[in-house]
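K.L.:
I am attaching a structure below and will ask some questions about it afterwards.
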There are 2 protein chains.
Amino acid sequence: MAFEPQPPATSPQPPAVVLLSGGLDSYTAAAITKADGFSIYALTVQYGQRHAREVDAARAVASALGVERHLELDVDLRAIGGSSLTSDAPVPRDRDLGAAGIPSTYVPARNTIFLSLALGWAEVLGATDLVIGVNALDYSGYPDCRPDFIRAFEHVAGVATRAGVEGARFRVHAPLIALSKADIIRRGMALGLDYTLTHSCYAPDAGGRPCGRCDSCVLRAKGFAEAGVADPLLLR
Amino acid sequence: MAFEPQPPATSPQPPAVVLLSGGLDSYTAAAITKADGFSIYALTVQYGQRHAREVDAARAVASALGVERHLELDVDLRAIGGSSLTSDAPVPRDRDLGAAGIPSTYVPARNTIFLSLALGWAEVLGATDLVIGVNALDYSGYPDCRPDFIRAFEHVAGVATRAGVEGARFRVHAPLIALSKADIIRRGMALGLDYTLTHSCYAPDAGGRPCGRCDSCVLRAKGFAEAGVADPLLLR
């Protein structure tokens, strides 16, 4: 956890603040952003999620990506609760992913909170590009993973900040939003990503091994199957 | 700091999540909200502000208001910096409040972060009313205190949440936004508020006494003077 205030970005490439969870999607989104010519300022939020192993993965991924800086912030959303990821309620397993409704793994306002923190850091860095690895195709139906949300937050960013008032135009990039999980994996493989570094499971066992049955595991497995490659995490 | 997940609101009055800083404005905004018939769920964010005494004031104010619950969350924005309130940079004194520009006490994305956290808690409580004591008249020129920002965040709340997708209409109340500081104080006095409980100064001394020269002290003094009453805090 860094407590030093962050100086402005100095890399010759434009800075982008990328939300990095340690999962497959945000790793791929960060790599795409880097390939697009940005220097990466990775932000990981420890929000009291039960799969805290994710944060170790975020560190490994940040290191593999060669990010400019990696900032970790603590916001304990267990105090708020309302999600099976931030309480002791069981994470659903073997759920029908086509079922209507939003599952209990939805964390109230999570992506709004995360993007707000990213926005604050971006303003200090002098960055106007935020990146979030949401995906509205092979996903769990979370409302804050949809294009409407991304556009609405972009508008907030413009009116909420000194930079916006002074004319900066914030962009929230969601490079995966229209991709299938298989397409995300194909794109990542083409970029040479090492998916053994990532962690996706919502409810890993004490040794950190994925359960194979939560939404996140099922979507990951479906993605690798459709991409026609084995998940390297399961080959170890 | 509460770590227990918050159960839904149960009071017969509709719940409102009120951002409570311990300052004069948020105390008054909360009291107005209570007078309007809401039960108050007060949220205080410890964000690493140098005037941490504010948090003690928030507790006293919450108690005086008889809030339903008071939740404190820690988000250390010193890690981000970019403000004289969250770094060791000096807080400006004797500033010309009519000067153009946004002062160094602006905290990047602060109200966006605070409202995001309020939104998450509101969703868990089943609340659709958020309250923030921002003021766009006698204020320091912060962009996230303006009506445009409030409206933009209301829109985000609707598209970001399960509740919004299911048809709830979130409202962000800013009952002070068009009031002068004197009007705010008059309103609070009429509601019987005890302003000795509040803390406004950005840079109090070690004993917690206000400096009298930062924007927040100056605006407070101007408000009491224009309201024609003595600041009870200074009479103690």
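Within each chain, counting starts at residue 1; across the structure tokens, chains are named A, B, ... in the order shown, with ligands numbered 1 upward in that order.
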At most 6 Å is the cut-off: for each residue in chain B with any atom that close to an atom of chain A, write down the nearest atom pair and the distance in Å rounded to one decimal, counting only C-alpha atoms, chain first then increasing number, as a Markdown table.
P.N.:
```
| residue | atom | partner | partner_atom | distance |
| --- | --- | --- | --- | --- |
| B:Ala2 | CA | A:Ala79 | CA | 5.6 |
| B:Phe3 | CA | A:Ala79 | CA | 4.3 |
| B:Glu4 | CA | A:Ala79 | CA | 5.4 |
| B:Pro5 | CA | A:Gly81 | CA | 4.2 |
| B:Gln6 | CA | A:Ile80 | CA | 5.4 |
| B:Val75 | CA | A:Val75 | CA | 5.5 |
| B:Arg78 | CA | A:Pro5 | CA | 5.8 |
| B:Ala79 | CA | A:Phe3 | CA | 4.3 |
| B:Ile80 | CA | A:Pro5 | CA | 5.1 |
| B:Gly81 | CA | A:Pro5 | CA | 4.3 |
| B:Gly82 | CA | A:Val124 | CA | 5.2 |
| B:Pro108 | CA | A:Gly120 | CA | 4.6 |
| B:Ala109 | CA | A:Gly120 | CA | 4.7 |
| B:Thr112 | CA | A:Ser116 | CA | 5.8 |
| B:Ile113 | CA | A:Ser116 | CA | 5.1 |
| B:Ser116 | CA | A:Ile113 | CA | 5.1 |
| B:Gly120 | CA | A:Pro108 | CA | 4.6 |
| B:Trp121 | CA | A:Ile80 | CA | 5.5 |
| B:Val124 | CA | A:Gly82 | CA | 5.2 |
| B:Pro143 | CA | A:Ala160 | CA | 5.4 |
| B:Asp144 | CA | A:Ala160 | CA | 4.5 |
| B:Phe149 | CA | A:Val159 | CA | 5.5 |
| B:Ala152 | CA | A:Val156 | CA | 5.3 |
| B:Val156 | CA | A:Ala152 | CA | 5.3 |
| B:Val159 | CA | A:Phe149 | CA | 5.5 |
| B:Ala160 | CA | A:Asp144 | CA | 4.5 |
| B:Thr161 | CA | A:Pro143 | CA | 5.7 |
```
K.L.:
Let me see the file: selected residues, N, CA and C atoms, as a compact mmCIF listing (two decimals), in the first residue's frame.
P.N.:
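Contents of the output file selection-v9.txt:
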```txt
# COMPACT_ATOMS: atom_id res chain seq x y z
N ALA B 2 -17.33 -0.08 11.29
CA ALA B 2 -18.20 -1.26 11.28
C ALA B 2 -17.71 -2.24 10.23
N PHE B 3 -17.66 -3.51 10.58
CA PHE B 3 -17.33 -4.52 9.58
C PHE B 3 -18.49 -5.46 9.34
N GLU B 4 -19.57 -5.26 10.09
CA GLU B 4 -20.75 -6.09 9.87
C GLU B 4 -21.48 -5.60 8.64
N PRO B 5 -21.85 -6.51 7.73
CA PRO B 5 -22.66 -6.07 6.60
C PRO B 5 -23.94 -5.41 7.10
N GLN B 6 -24.39 -4.42 6.38
CA GLN B 6 -25.54 -3.64 6.81
C GLN B 6 -26.84 -4.30 6.37
N VAL B 75 -10.99 5.40 3.37
CA VAL B 75 -10.42 5.37 2.02
C VAL B 75 -9.27 6.35 2.04
N ARG B 78 -4.69 9.93 0.69
CA ARG B 78 -3.31 10.43 0.71
C ARG B 78 -2.45 9.65 -0.29
N ALA B 79 -2.82 8.39 -0.54
CA ALA B 79 -2.07 7.59 -1.52
C ALA B 79 -2.15 8.21 -2.90
N ILE B 80 -3.22 8.93 -3.16
CA ILE B 80 -3.41 9.61 -4.44
C ILE B 80 -2.86 11.03 -4.38
N GLY B 81 -3.12 11.71 -3.28
CA GLY B 81 -2.60 13.07 -3.13
C GLY B 81 -3.33 14.06 -4.04
N GLY B 82 -2.58 15.06 -4.47
CA GLY B 82 -3.16 16.03 -5.40
C GLY B 82 -3.98 17.11 -4.74
N PRO B 108 -9.19 15.72 -5.68
CA PRO B 108 -9.64 15.14 -6.95
C PRO B 108 -10.70 14.04 -6.77
N ALA B 109 -11.84 14.27 -7.41
CA ALA B 109 -12.94 13.28 -7.49
C ALA B 109 -13.57 12.95 -6.12
N THR B 112 -17.36 12.46 -6.05
CA THR B 112 -17.72 11.29 -6.85
C THR B 112 -17.46 10.02 -6.06
N ILE B 113 -16.31 9.98 -5.39
CA ILE B 113 -15.97 8.82 -4.56
C ILE B 113 -16.97 8.69 -3.42
N SER B 116 -20.37 7.57 -4.62
CA SER B 116 -20.32 6.16 -5.05
C SER B 116 -20.46 5.24 -3.85
N GLY B 120 -23.56 2.65 -2.99
CA GLY B 120 -23.45 1.23 -2.64
C GLY B 120 -24.22 0.91 -1.37
N TRP B 121 -24.07 1.75 -0.36
CA TRP B 121 -24.78 1.51 0.90
C TRP B 121 -26.30 1.65 0.69
N VAL B 124 -27.87 -1.43 -0.66
CA VAL B 124 -28.01 -2.50 0.32
C VAL B 124 -29.18 -2.21 1.28
N PRO B 143 -15.50 21.89 -8.53
CA PRO B 143 -16.41 21.49 -9.61
C PRO B 143 -17.48 20.50 -9.15
N ASP B 144 -17.14 19.65 -8.17
CA ASP B 144 -18.10 18.62 -7.76
C ASP B 144 -19.07 19.12 -6.69
N PHE B 149 -22.93 18.48 -11.77
CA PHE B 149 -22.35 17.26 -11.21
C PHE B 149 -23.43 16.40 -10.54
N ALA B 152 -25.49 14.66 -13.12
CA ALA B 152 -24.72 13.61 -13.81
C ALA B 152 -24.60 12.37 -12.92
N VAL B 156 -25.80 8.36 -13.38
CA VAL B 156 -24.94 7.19 -13.15
C VAL B 156 -25.61 6.21 -12.19
N VAL B 159 -28.07 3.88 -13.86
CA VAL B 159 -27.60 2.85 -14.79
C VAL B 159 -26.57 1.91 -14.16
N ALA B 160 -25.99 2.30 -13.02
CA ALA B 160 -24.90 1.51 -12.42
C ALA B 160 -25.40 0.38 -11.54
N THR B 161 -26.64 0.45 -11.10
CA THR B 161 -27.08 -0.41 -10.01
C THR B 161 -28.15 -1.43 -10.40
```
K.L.:
Name the residues of segment 100-172 of chain A that fall into alpha helix (DSSP H) according to DSSP on the backbone, using the chain letters and numbers of this document, as a PyMOL selection string.
P.N.:
chain A and resi 110-125+147-160+162-165
K.L.:
Would you kindly return, as a VMD selection string, each protein, DNA or RNA residue with an atom no farther than 6 Å from any atom of segment 208-215 of chain B, considering only C-alpha atoms and excluding same-chain residues fewer than 5 positions away?
P.N.:
chain B and resid 93 to 94 201
K.L.:
Give me, as a VMD selection string, all polymer residues having an atom no more than 9 Å from segment 31-35 of chain B, counting only C-alpha atoms and skipping those fewer than 6 positions away in the same chain.
P.N.:
chain B and resid 16 18 65 67 131 173 175 187 to 188 191 193
K.L.:
With C-alpha atoms retained, export the selected residues as a tab-separated table (two decimals), in the first residue's frame.
P.N.:
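Once everything was written out, this is out20.tsv:
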```tsv
chain	number	residue	atom	x	y	z
B	16	ALA	CA	-31.85	8.45	3.07
B	18	VAL	CA	-26.55	11.34	4.04
B	65	LEU	CA	-29.36	14.10	15.01
B	67	VAL	CA	-29.49	8.98	13.09
B	131	VAL	CA	-27.99	13.58	0.35
B	173	HIS	CA	-30.55	15.76	-2.87
B	175	PRO	CA	-30.66	20.92	-0.21
B	187	ARG	CA	-32.08	27.40	8.42
B	188	GLY	CA	-30.03	25.37	10.87
B	191	LEU	CA	-34.10	23.70	13.20
B	193	LEU	CA	-29.02	22.80	15.52
```
K.L.:
Which of segment 2-61 of chain A counts as strand (DSSP E or B) under DSSP, as a ChimeraX atom specification please?
P.N.:
/A:15-19,39-46
K.L.:
Could those residues be written to a file, using C-alpha atoms, as a CSV table (one decimal), in the first residue's frame?
P.N.:
```csv
chain,number,residue,atom,x,y,z
A,15,PRO,CA,-0.7,7.8,-19.2
A,16,ALA,CA,-3.8,5.6,-18.7
A,17,VAL,CA,-5.2,4.5,-15.4
A,18,VAL,CA,-6.2,0.9,-15.7
A,19,LEU,CA,-8.3,-0.9,-13.1
A,39,SER,CA,1.9,3.9,-20.3
A,40,ILE,CA,0.0,2.0,-17.7
A,41,TYR,CA,-0.8,3.2,-14.2
A,42,ALA,CA,-2.5,0.2,-12.6
A,43,LEU,CA,-5.0,0.6,-9.8
A,44,THR,CA,-6.0,-2.3,-7.7
A,45,VAL,CA,-8.7,-1.9,-5.0
A,46,GLN,CA,-8.7,-4.3,-2.1
```
K.L.:
Atom CA of Ser21 of chain A to atom CA of Asp205 of chain A: how many Å, to one decimal?
P.N.:
18.7 Å
K.L.:
Of the candidates B:Ala174, B:Ala225, B:Ala168, B:Leu235, which shows the shortest atom-to-atom distance to Ala136 of chain B, using only C-alpha atoms?
P.N.:
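Looking at the shortest contact to Ala136 of chain B, the residue is B:Ala174.
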K.L.:
Can you work out the spacing between atom CA of Gly133 of chain A and atom CA of Ala29 of chain A in Å, to one decimal?
P.N.:
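For atom CA of Gly133 of chain A relative to atom CA of Ala29 of chain A, the distance reads 5.3 Å.
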K.L.:
Quick check, in Å to one decimal: how far apart do atom CA of Thr128 of chain A and atom CA of Pro14 of chain A lie?
P.N.:
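Interatomic distance, atom CA of Thr128 of chain A to atom CA of Pro14 of chain A: 8.9 Å.
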K.L.:
At a cut-off of 9 Å, using only C-alpha atoms, what residues contact Leu234 of chain B? Leave out same-chain residues fewer than 2 positions from it and give the result as a ChimeraX atom specification.
P.N.:
/B:196,210,230-232,236
K.L.:
From the list A:Ala178, A:Leu197, A:Val172, A:Ala89, which residue is nearest Asp56 of chain A when using only C-alpha atoms?
P.N.:
A:Leu197
